[in-house]
Amino acid sequence: QNTRLALTSITVDDFLARRFDAWSMPRLVSPEGVDDKNGAIFPEKIEGKYVVLHRIAGHICIDYVSTLEFDRPLMNYIEIMGPRWGMWDSRRIGIAGPPLKTDAGWLLFYHGLSEYGVYRVGAVLLDAGNPRRILARSAHALFEPETDYEINGVVDQVVFPCGQVVRGDVIYMYY
């Protein structure tokens, strides 16, 4: 069975007013029959388009869309990176939150599953004007399971971030 990517939204006013029942109905944005998950939207348009990252069959892909209405499914699946044989991210990879804009480019944290079943976190730096272009990618994991609740649980050996916040010079990663 395939997993499909869904999108929902809330207005800034509703979010700030804590009207958390005001989320839009989730909308499927990937077609049937495609294993698609771990989506993120860049926080600003690039070349006049919204940029969507999503995981197709263990690889990170990118799509460019004119609107966030998603009246039709994402269809381009431009692969920008995949698992690396013999490394900490050798089985599959996926997005670990929206990319962060830096002076050097877009910083994207991602999770990787090793051949031994351990989920770790690494980073990739994407070109600011062309996020299909990888400028740098971590050779080693930045974050991995260490505590008892990370090593033992419903799924063992997992750190699985879904977002981060920047405060000053510190990145807080939520997992």
# chains A, B, ... in the order shown; residues from 1 in each chain; ligands from 1
$ residues_around --residues "A:Ile78" --least-positions-apart "4" --cutoff "8 Å" --atoms "only C-alpha atoms" --output "list in words"
Cys61, Ile62 and Asp63 of chain A
$ write_last_selection --atoms "N, CA and C atoms" --output "PDB file, in the first residue's frame"
ATOM      1  N   CYS A  61      12.430  14.572  -3.885  1.00  0.00           N
ATOM      2  CA  CYS A  61      12.095  15.154  -5.184  1.00  0.00           C
ATOM      3  C   CYS A  61      11.589  16.575  -4.991  1.00  0.00           C
ATOM      4  N   ILE A  62      11.576  17.315  -6.077  1.00  0.00           N
ATOM      5  CA  ILE A  62      11.143  18.710  -6.041  1.00  0.00           C
ATOM      6  C   ILE A  62      10.107  18.919  -7.140  1.00  0.00           C
ATOM      7  N   ASP A  63       9.138  19.742  -6.851  1.00  0.00           N
ATOM      8  CA  ASP A  63       8.135  20.144  -7.832  1.00  0.00           C
ATOM      9  C   ASP A  63       7.941  21.646  -7.731  1.00  0.00           C
TER      10      ASP A  63
END
$ closest_atom_pairs --of "stretch 89-113 of chain A" --to "stretch 165-174 of chain A" --cutoff "12 Å" --atoms "only C-alpha atoms" --output "tab-separated table"
residue	atom	partner	partner_atom	distance
A:Ala96	CA	A:Met173	CA	9.3
A:Gly97	CA	A:Met173	CA	9.1
A:Pro98	CA	A:Val165	CA	10.0
A:Pro99	CA	A:Val165	CA	10.7
A:Leu100	CA	A:Val166	CA	8.7
A:Lys101	CA	A:Val166	CA	10.6
A:Thr102	CA	A:Val166	CA	11.0
A:Leu107	CA	A:Ile171	CA	11.3
A:Leu108	CA	A:Met173	CA	11.9
A:Phe109	CA	A:Met173	CA	9.4
A:Tyr110	CA	A:Met173	CA	11.4
$ select_by_dssp --residues "chain A" --states "strand (DSSP E)" --output "PyMOL selection string"
chain A and resi 6-7+27-28+36-41+50-56+59-65+78-81+92-95+100-102+105-113+119-126+134-137+163-167+170-174
$ write_last_selection --atoms "C-alpha atoms" --output "PDB file, in the first residue's frame"
ATOM      1  CA  ALA A   6      -1.766  15.578   1.979  1.00  0.00           C
ATOM      2  CA  LEU A   7      -1.739  19.329   2.603  1.00  0.00           C
ATOM      3  CA  ARG A  27      -6.158  17.784   0.342  1.00  0.00           C
ATOM      4  CA  LEU A  28      -4.267  14.940  -1.314  1.00  0.00           C
ATOM      5  CA  ASP A  36       4.789   9.937  -1.499  1.00  0.00           C
ATOM      6  CA  LYS A  37       5.417  11.421   1.947  1.00  0.00           C
ATOM      7  CA  ASN A  38       7.525  13.882   3.983  1.00  0.00           C
ATOM      8  CA  GLY A  39       6.487  17.063   2.187  1.00  0.00           C
ATOM      9  CA  ALA A  40       7.650  20.628   2.750  1.00  0.00           C
ATOM     10  CA  ILE A  41       7.031  23.921   0.975  1.00  0.00           C
ATOM     11  CA  TYR A  50       6.064  27.750  -5.151  1.00  0.00           C
ATOM     12  CA  VAL A  51       8.584  24.997  -4.519  1.00  0.00           C
ATOM     13  CA  VAL A  52       7.522  21.707  -2.941  1.00  0.00           C
ATOM     14  CA  LEU A  53       9.842  18.999  -1.656  1.00  0.00           C
ATOM     15  CA  HIS A  54       8.494  15.494  -1.150  1.00  0.00           C
ATOM     16  CA  ARG A  55       9.742  11.955  -0.817  1.00  0.00           C
ATOM     17  CA  ILE A  56       9.028   9.546  -3.622  1.00  0.00           C
ATOM     18  CA  HIS A  59      14.295   9.798  -2.688  1.00  0.00           C
ATOM     19  CA  ILE A  60      13.808  13.557  -2.204  1.00  0.00           C
ATOM     20  CA  CYS A  61      12.095  15.154  -5.184  1.00  0.00           C
ATOM     21  CA  ILE A  62      11.143  18.710  -6.041  1.00  0.00           C
ATOM     22  CA  ASP A  63       8.135  20.144  -7.832  1.00  0.00           C
ATOM     23  CA  TYR A  64       7.366  23.699  -8.908  1.00  0.00           C
ATOM     24  CA  VAL A  65       3.741  24.866  -8.825  1.00  0.00           C
ATOM     25  CA  ILE A  78      12.383  15.931 -10.179  1.00  0.00           C
ATOM     26  CA  GLU A  79      14.767  13.869  -8.044  1.00  0.00           C
ATOM     27  CA  ILE A  80      17.409  15.969  -6.303  1.00  0.00           C
ATOM     28  CA  MET A  81      18.938  13.366  -3.986  1.00  0.00           C
ATOM     29  CA  ARG A  92      16.016   5.803   2.187  1.00  0.00           C
ATOM     30  CA  ILE A  93      15.856   9.483   2.958  1.00  0.00           C
ATOM     31  CA  GLY A  94      13.092  12.003   3.642  1.00  0.00           C
ATOM     32  CA  ILE A  95      12.462  15.618   4.502  1.00  0.00           C
ATOM     33  CA  LEU A 100      15.824  27.412   6.106  1.00  0.00           C
ATOM     34  CA  LYS A 101      17.137  30.305   4.034  1.00  0.00           C
ATOM     35  CA  THR A 102      20.747  31.211   4.833  1.00  0.00           C
ATOM     36  CA  GLY A 105      21.669  28.840   0.297  1.00  0.00           C
ATOM     37  CA  TRP A 106      18.758  26.729   1.540  1.00  0.00           C
ATOM     38  CA  LEU A 107      19.612  24.521   4.534  1.00  0.00           C
ATOM     39  CA  LEU A 108      17.508  21.370   4.543  1.00  0.00           C
ATOM     40  CA  PHE A 109      17.601  18.831   7.347  1.00  0.00           C
ATOM     41  CA  TYR A 110      16.665  15.330   6.298  1.00  0.00           C
ATOM     42  CA  HIS A 111      16.367  11.917   7.895  1.00  0.00           C
ATOM     43  CA  GLY A 112      18.112   8.866   6.576  1.00  0.00           C
ATOM     44  CA  LEU A 113      17.589   5.190   7.251  1.00  0.00           C
ATOM     45  CA  TYR A 119      17.067   6.647  11.519  1.00  0.00           C
ATOM     46  CA  ARG A 120      19.521   9.553  11.735  1.00  0.00           C
ATOM     47  CA  VAL A 121      19.490  13.215  10.689  1.00  0.00           C
ATOM     48  CA  GLY A 122      21.792  15.021   8.299  1.00  0.00           C
ATOM     49  CA  ALA A 123      21.769  18.234   6.291  1.00  0.00           C
ATOM     50  CA  VAL A 124      22.086  19.366   2.727  1.00  0.00           C
ATOM     51  CA  LEU A 125      22.719  22.876   1.385  1.00  0.00           C
ATOM     52  CA  LEU A 126      20.743  23.715  -1.748  1.00  0.00           C
ATOM     53  CA  ILE A 134      23.193  20.526  -4.170  1.00  0.00           C
ATOM     54  CA  LEU A 135      26.078  22.634  -2.842  1.00  0.00           C
ATOM     55  CA  ALA A 136      26.993  20.415   0.132  1.00  0.00           C
ATOM     56  CA  ARG A 137      25.699  17.316   1.914  1.00  0.00           C
ATOM     57  CA  GLY A 163      10.593  20.901  11.896  1.00  0.00           C
ATOM     58  CA  GLN A 164      12.896  23.436  13.401  1.00  0.00           C
ATOM     59  CA  VAL A 165      12.892  27.008  14.690  1.00  0.00           C
ATOM     60  CA  VAL A 166      15.731  29.510  14.510  1.00  0.00           C
ATOM     61  CA  ARG A 167      16.200  31.802  17.515  1.00  0.00           C
ATOM     62  CA  VAL A 170      20.516  28.575  17.559  1.00  0.00           C
ATOM     63  CA  ILE A 171      18.429  26.050  15.620  1.00  0.00           C
ATOM     64  CA  TYR A 172      15.936  24.154  17.775  1.00  0.00           C
ATOM     65  CA  MET A 173      14.985  20.872  16.123  1.00  0.00           C
ATOM     66  CA  TYR A 174      11.724  19.184  17.102  1.00  0.00           C
TER      67      TYR A 174
END
$ select_by_dssp --residues "chain A" --states "alpha helix (DSSP H)" --output "list in words"
Val12, Asp13, Asp14, Phe15, Leu16, Asp148, Tyr149, Glu150 and Ile151 of chain A
$ write_last_selection --atoms "all heavy atoms" --output "PDB file, in the first residue's frame"
ATOM      1  N   VAL A  12      -2.778  32.990   9.139  1.00  0.00           N
ATOM      2  CA  VAL A  12      -1.931  33.520  10.214  1.00  0.00           C
ATOM      3  C   VAL A  12      -2.809  34.057  11.343  1.00  0.00           C
ATOM      4  O   VAL A  12      -2.544  33.811  12.521  1.00  0.00           O
ATOM      5  CB  VAL A  12      -0.976  34.610   9.675  1.00  0.00           C
ATOM      6  CG1 VAL A  12      -0.233  35.296  10.817  1.00  0.00           C
ATOM      7  CG2 VAL A  12       0.005  34.013   8.672  1.00  0.00           C
ATOM      8  N   ASP A  13      -3.873  34.775  10.986  1.00  0.00           N
ATOM      9  CA  ASP A  13      -4.765  35.337  12.011  1.00  0.00           C
ATOM     10  C   ASP A  13      -5.377  34.244  12.882  1.00  0.00           C
ATOM     11  O   ASP A  13      -5.417  34.356  14.105  1.00  0.00           O
ATOM     12  CB  ASP A  13      -5.879  36.165  11.363  1.00  0.00           C
ATOM     13  CG  ASP A  13      -5.371  37.478  10.791  1.00  0.00           C
ATOM     14  OD1 ASP A  13      -4.275  37.939  11.188  1.00  0.00           O
ATOM     15  OD2 ASP A  13      -6.070  38.047   9.925  1.00  0.00           O
ATOM     16  N   ASP A  14      -5.873  33.174  12.247  1.00  0.00           N
ATOM     17  CA  ASP A  14      -6.465  32.079  13.019  1.00  0.00           C
ATOM     18  C   ASP A  14      -5.424  31.382  13.886  1.00  0.00           C
ATOM     19  O   ASP A  14      -5.688  31.028  15.030  1.00  0.00           O
ATOM     20  CB  ASP A  14      -7.145  31.063  12.093  1.00  0.00           C
ATOM     21  CG  ASP A  14      -8.481  31.554  11.565  1.00  0.00           C
ATOM     22  OD1 ASP A  14      -9.093  32.424  12.208  1.00  0.00           O
ATOM     23  OD2 ASP A  14      -8.908  31.056  10.513  1.00  0.00           O
ATOM     24  N   PHE A  15      -4.236  31.203  13.350  1.00  0.00           N
ATOM     25  CA  PHE A  15      -3.179  30.549  14.123  1.00  0.00           C
ATOM     26  C   PHE A  15      -2.809  31.387  15.344  1.00  0.00           C
ATOM     27  O   PHE A  15      -2.747  30.875  16.468  1.00  0.00           O
ATOM     28  CB  PHE A  15      -1.953  30.318  13.239  1.00  0.00           C
ATOM     29  CG  PHE A  15      -0.836  29.607  13.947  1.00  0.00           C
ATOM     30  CD1 PHE A  15      -0.862  28.231  14.090  1.00  0.00           C
ATOM     31  CD2 PHE A  15       0.237  30.305  14.487  1.00  0.00           C
ATOM     32  CE1 PHE A  15       0.157  27.561  14.751  1.00  0.00           C
ATOM     33  CE2 PHE A  15       1.257  29.654  15.146  1.00  0.00           C
ATOM     34  CZ  PHE A  15       1.218  28.279  15.283  1.00  0.00           C
ATOM     35  N   LEU A  16      -2.586  32.682  15.131  1.00  0.00           N
ATOM     36  CA  LEU A  16      -2.194  33.560  16.248  1.00  0.00           C
ATOM     37  C   LEU A  16      -3.307  33.699  17.285  1.00  0.00           C
ATOM     38  O   LEU A  16      -3.034  33.864  18.471  1.00  0.00           O
ATOM     39  CB  LEU A  16      -1.774  34.928  15.717  1.00  0.00           C
ATOM     40  CG  LEU A  16      -0.491  34.935  14.887  1.00  0.00           C
ATOM     41  CD1 LEU A  16      -0.226  36.327  14.322  1.00  0.00           C
ATOM     42  CD2 LEU A  16       0.693  34.440  15.699  1.00  0.00           C
ATOM     43  N   ASP A 148      17.401   6.326  25.841  1.00  0.00           N
ATOM     44  CA  ASP A 148      16.576   5.116  25.875  1.00  0.00           C
ATOM     45  C   ASP A 148      15.318   5.266  25.029  1.00  0.00           C
ATOM     46  O   ASP A 148      14.961   4.364  24.276  1.00  0.00           O
ATOM     47  CB  ASP A 148      16.215   4.772  27.321  1.00  0.00           C
ATOM     48  CG  ASP A 148      15.375   3.510  27.392  1.00  0.00           C
ATOM     49  OD1 ASP A 148      15.869   2.451  26.939  1.00  0.00           O
ATOM     50  OD2 ASP A 148      14.231   3.591  27.856  1.00  0.00           O
ATOM     51  N   TYR A 149      14.620   6.416  25.135  1.00  0.00           N
ATOM     52  CA  TYR A 149      13.371   6.576  24.383  1.00  0.00           C
ATOM     53  C   TYR A 149      13.606   6.737  22.887  1.00  0.00           C
ATOM     54  O   TYR A 149      12.677   6.572  22.091  1.00  0.00           O
ATOM     55  CB  TYR A 149      12.512   7.725  24.931  1.00  0.00           C
ATOM     56  CG  TYR A 149      13.129   9.101  24.820  1.00  0.00           C
ATOM     57  CD1 TYR A 149      12.990   9.858  23.668  1.00  0.00           C
ATOM     58  CD2 TYR A 149      13.823   9.651  25.886  1.00  0.00           C
ATOM     59  CE1 TYR A 149      13.538  11.123  23.568  1.00  0.00           C
ATOM     60  CE2 TYR A 149      14.365  10.915  25.811  1.00  0.00           C
ATOM     61  CZ  TYR A 149      14.225  11.646  24.644  1.00  0.00           C
ATOM     62  OH  TYR A 149      14.769  12.898  24.548  1.00  0.00           O
ATOM     63  N   GLU A 150      14.822   7.046  22.465  1.00  0.00           N
ATOM     64  CA  GLU A 150      15.148   7.079  21.038  1.00  0.00           C
ATOM     65  C   GLU A 150      15.553   5.684  20.531  1.00  0.00           C
ATOM     66  O   GLU A 150      15.266   5.324  19.394  1.00  0.00           O
ATOM     67  CB  GLU A 150      16.296   8.059  20.775  1.00  0.00           C
ATOM     68  CG  GLU A 150      15.945   9.487  21.109  1.00  0.00           C
ATOM     69  CD  GLU A 150      17.159  10.390  21.219  1.00  0.00           C
ATOM     70  OE1 GLU A 150      18.300   9.885  21.322  1.00  0.00           O
ATOM     71  OE2 GLU A 150      16.972  11.614  21.222  1.00  0.00           O
ATOM     72  N   ILE A 151      16.182   4.925  21.393  1.00  0.00           N
ATOM     73  CA  ILE A 151      16.679   3.598  21.018  1.00  0.00           C
ATOM     74  C   ILE A 151      15.574   2.549  21.107  1.00  0.00           C
ATOM     75  O   ILE A 151      15.488   1.655  20.266  1.00  0.00           O
ATOM     76  CB  ILE A 151      17.890   3.211  21.890  1.00  0.00           C
ATOM     77  CG1 ILE A 151      19.061   4.159  21.576  1.00  0.00           C
ATOM     78  CG2 ILE A 151      18.293   1.763  21.677  1.00  0.00           C
ATOM     79  CD1 ILE A 151      20.226   4.052  22.541  1.00  0.00           C
TER      80      ILE A 151
END
$ closest_residue --among "A:Gly48, A:Gly117, A:Gly82, A:Gly33" --to "A:Gly129" --atoms "only C-alpha atoms"
A:Gly48
$ closest_residue --among "A:Gly58, A:Gly153, A:Pro73, A:Pro43" --to "A:Ser90" --atoms "only C-alpha atoms"
A:Gly58
$ closest_residue --among "A:Asp21, A:Glu32, A:Glu47, A:Glu115" --to "A:Leu74" --atoms "only C-alpha atoms"
A:Glu32
$ closest_residue --among "A:Gln157, A:Ser138, A:Asn130, A:Asn152" --to "A:Ser114" --atoms "only C-alpha atoms"
A:Gln157
